[in-house]
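These notes concern the structure reproduced below.
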Amino acid sequence: MRVKKRDGSLEPVSFDKITKRLNHFNIDHVNIQLVAQKVIQGIFDGVTTVELDVLSAETAVYMSTTHPNYERLAVCIAVSNLHKETKETFDTQFLSPEIADIFEKNRELIQSKYDFKRDFDYSYFGFKTLCASYLFQGERPQHMLMRVSIGIHKYNLFEAFKTYDYMSRRIFTHASPTMFNAGTTHPQCASCFLLTIDDDSIEGIYSTLSKCAKISAKAGGIGVNIHKVRARGSLIKSTNGVSDGIQKMLNVYNSTARYVNQSGKRKGAFALYLEPWHADIFEFLESKKKNGPEELRARDLFYALWIPDLFMERVKNDGMWSLMCPNKCPGLQDVYGEEFEKLYTYYESNEMYNEQVPAQKLWFEILQLQIEEGVPYMLYKDSANRKSNQNNLGTIKCANLCTEIIQFSSPEEVAVCNLASVALPMFVIINPDGTIGYDFKGLEQAVTQLVRNLNQVIDISHYPVEEAKVSNLKHRPIGIGVQGLADTFFKMRIPFDSKEAADLNIKIFESIYFAACQESNELAKVYGPYDSFKGSLASKGILQFDLWNYKCPRFDELKESIKTYGLRNSLLVAPMPTASTAQILGNTECFEPISSNMYARNTLAGSFTLINHYLVEDLQQIGLWGESMKNKIILANGSVQKIEEIPLEIRNLYKTAWEIKQKVIIDMSADRGVFIDQSQSLNIHMIDPTFAQLSSLHFYAWEKGLKTGMYYLRTKPAAEATKFTCSRDDKGCISCSS
């Protein structure tokens, strides 16, 4: 067999050359000979050196359950391969003329700032994610980070280089649209857009649909509220006909979401929000179900409820609930709190509703769909409005696709949010006395830089529709999130459901909110407050924690400065899902507990199971790690709770989301919510949930004052199919266990 080299020449496959290539990286605790033997087994005639590197890397990562250093070898091979295929100098062909000019005029200075060694700091799958979706042809990760940094700050190279250094050290990351597009000819950097159908007409509905299509084509996730669309059977005066209601409209939006993908990178994604008083609420819920006629389903959409307190009270008290058409009972979507209750009961007392049903009948329909499909999302209209710094603009009518962005929108204003997340594990430190601590000062410095970055993104971003530009420049909201809270607890040896974790959770988010408010205030001193600051809660010295009746004296002096100089940004904190960027940085997602201590991966070298590397390292230190232990964890579906030879301290540390009481998850969400002026993407995990359990959880979240009571409901059966593991002994015989 022969290998095709990069210059096109062929030479025989050499075991020694493969071994030499692998030995070059000098990784301890790795059997290079064994890796090379497995690589040789997968070679085919004419394999290129690039393909050989890919096979070598995936063979090494396949063996990483033996020792984590096999993954380090895989990273070294993969990054080295990319470096051989690319140049150190950056190709500006993908950049906008302005950003390309900055690179050309400052090429030597910019080149001196790259640290290509940091490409080797990614995890293997983080690096592969970058290569698959984020890097342009010829880009290295460091090139991309510099492109994004200069794309954001342009001629302010001082800020650009600081941003590059933070991202290069994996301390924070901007959201995917910013990483995709910053510095390019169409720098659409925003993640989230919120739209309102406020004109129940063909023009109004299709105008909103057109905006959705344009936004989706530029990689934006969308939340649309449809409260004002008239119900089925409602009179249409202009034609003397009757409305088909929201069902047919959902089909049209569903088709658009499928047709208009996000710049070819991912499918379009629309979340539709509806208040539960709408007469078509049952059809709305049924549209997501798997069974039923295709023409009555719109399964590619995401479904969310915008729930007034009155509905929860009626369910709690087993009262009747009146379903109304917004055409006959106007204005319900425009008010909240006491005003909503007054208007709703007025329509109710005058029998202007379409029909009445027991509130619990609708409630159980909601629960049934959540158990089957994980949706609808649960958001609480009154908490979302009462606790928003944008409530001086008007009633907020929906959130975004992922439930963490809560902003005012109207036909004239498409709400927008630019996102980034800070990697919390990077601030775990060893104190001088040898104890483990947390660098809150370092966290606040990173957040300060993120505020400057995101504020600048507002000005440099391309907006797919003019209404988005109008809104974003007027209110200047940003969304700072987190990733790796579970990793932070692992590194600090704190169980997720412990009091220490609860306390650290509060301190982290207090630090994030303080640093964000402080820097936004500093920017306001230079550039002035955002245009709609006057009349906001912050202009009166009222910050988010005040709205939860939480005392935080640390902010007293800052409040006075905010009242005097203002804020540059109306909203600041919004912990979002971080699925892609957390994988890139090698962290657990946002503030989630781990869902399992193992997960499956598919590579060219085969399908295999990865185990939580923190757990593996702990078990190695006490001599419990090996093939037998790996198989026990696989058989336990990634749980270690019933593996008695593992010490209790380690089992407590590595509880999964399925093994942590969801009351703890809600409590932690409420604790951090005190410092979150938007909202948070809160997933709930329940094994075989019953209506009673799910009802108890929702009411607990509502009574705790959460804005987002639930993003997705994740469920799984109490019992799963028996699993088999296979191993090969030193004679080559395969044995199975179950």
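By order in the structure tokens, chains are A, B, ...; within a chain, residues start at 1; ligands start at 1, following the order shown.
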Practice task
Within 9 Å of Ile458 in chain A, counting only C-alpha atoms, which residues show up once you throw out same-chain ones fewer than 2 positions away? Write them as a list in words, please.
Solution key: Cys189, Ala190, Cys417, Asn418, Asn453, Leu454, Asn455, Gln456, Ile460, Ser461, His462, Lys469, Asn472, Leu473, Arg476, Pro477 and Ile478 of chain A
Exercise for the section: as a list of chain:residue names, please: all residues of range 576-621 of chain A that backbone DSSP puts in strand (DSSP E). Expected result: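 The strand (DSSP E) subset of range 576-621 of chain A is A:Met598, A:Tyr599, A:Ala600, A:Arg601, A:Asn602, A:Thr603, A:Gly606, A:Ser607, A:Phe608, A:Thr609, A:Leu610, A:Ile611.
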Exercise for the section: Give me, please, the distance in Å between CA of Lys248 in chain A and CA of Arg297 in chain A, quoted to one decimal. Expected result: 9.2 Å
Exercise for the section: Determine, counting only C-alpha atoms, which protein, DNA and RNA residues have an atom within 8 Å of an atom of range 584-589 of chain A; residues of the same chain fewer than 6 positions away are not included. Present the result as a PyMOL selection string. Expected result: chain A and resi 122-123+125-127+129-130+170+423+483-487+577-578
Could you write out the selected residues, including N, CA and C atoms, as a compact mmCIF listing (two decimals), in the first residue's frame?
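To be explicit, this is the file written out as again-v1.txt:
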```txt
# COMPACT_ATOMS: atom_id res chain seq x y z
N TYR A 122 -7.71 23.51 22.46
CA TYR A 122 -9.09 23.05 22.33
C TYR A 122 -9.18 21.55 22.58
N SER A 123 -10.37 21.11 22.97
CA SER A 123 -10.62 19.67 22.99
C SER A 123 -10.72 19.19 21.55
N PHE A 125 -13.11 17.47 20.02
CA PHE A 125 -14.41 17.71 19.40
C PHE A 125 -14.74 19.19 19.31
N GLY A 126 -14.16 20.00 20.20
CA GLY A 126 -14.29 21.44 20.05
C GLY A 126 -13.60 21.92 18.80
N PHE A 127 -12.41 21.41 18.56
CA PHE A 127 -11.66 21.78 17.36
C PHE A 127 -12.39 21.31 16.10
N THR A 129 -15.57 20.89 15.74
CA THR A 129 -16.74 21.75 15.55
C THR A 129 -16.34 23.04 14.86
N LEU A 130 -15.22 23.62 15.27
CA LEU A 130 -14.72 24.83 14.60
C LEU A 130 -14.48 24.56 13.12
N ARG A 170 -9.75 31.22 25.70
CA ARG A 170 -11.02 30.52 25.92
C ARG A 170 -11.73 31.00 27.19
N ALA A 423 -16.81 31.78 30.15
CA ALA A 423 -16.50 30.41 30.56
C ALA A 423 -16.17 30.40 32.05
N GLN A 483 -21.26 29.66 30.49
CA GLN A 483 -21.16 28.23 30.19
C GLN A 483 -20.23 27.59 31.21
N GLY A 484 -20.47 26.30 31.45
CA GLY A 484 -19.57 25.55 32.32
C GLY A 484 -19.79 25.71 33.81
N LEU A 485 -21.03 26.03 34.25
CA LEU A 485 -21.27 26.10 35.69
C LEU A 485 -21.03 24.73 36.33
N ALA A 486 -21.48 23.66 35.67
CA ALA A 486 -21.26 22.32 36.21
C ALA A 486 -19.77 21.99 36.28
N ASP A 487 -19.00 22.39 35.26
CA ASP A 487 -17.55 22.17 35.29
C ASP A 487 -16.91 22.91 36.47
N PRO A 577 -28.82 29.10 25.93
CA PRO A 577 -28.20 27.81 25.63
C PRO A 577 -26.86 28.07 24.93
N THR A 578 -25.88 27.25 25.20
CA THR A 578 -24.56 27.47 24.59
C THR A 578 -24.06 26.18 23.95
```
Exercise for the section: Can you work out which one of A:Val242, A:Ile665, A:Leu653, A:Met352 has the shortest atom-to-atom distance to Ile494 in chain A, counting only C-alpha atoms? Expected result: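 Closest to Ile494 in chain A, using only C-alpha atoms: A:Leu653.
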Practice task
Find the residues near Gly183 in chain A: any atom within 8 Å, counting only C-alpha atoms, skip ones fewer than 5 places away on the same chain, and give them as a PyMOL selection string.
Solution key: chain A and resi 95-96+99+147-148+150-152
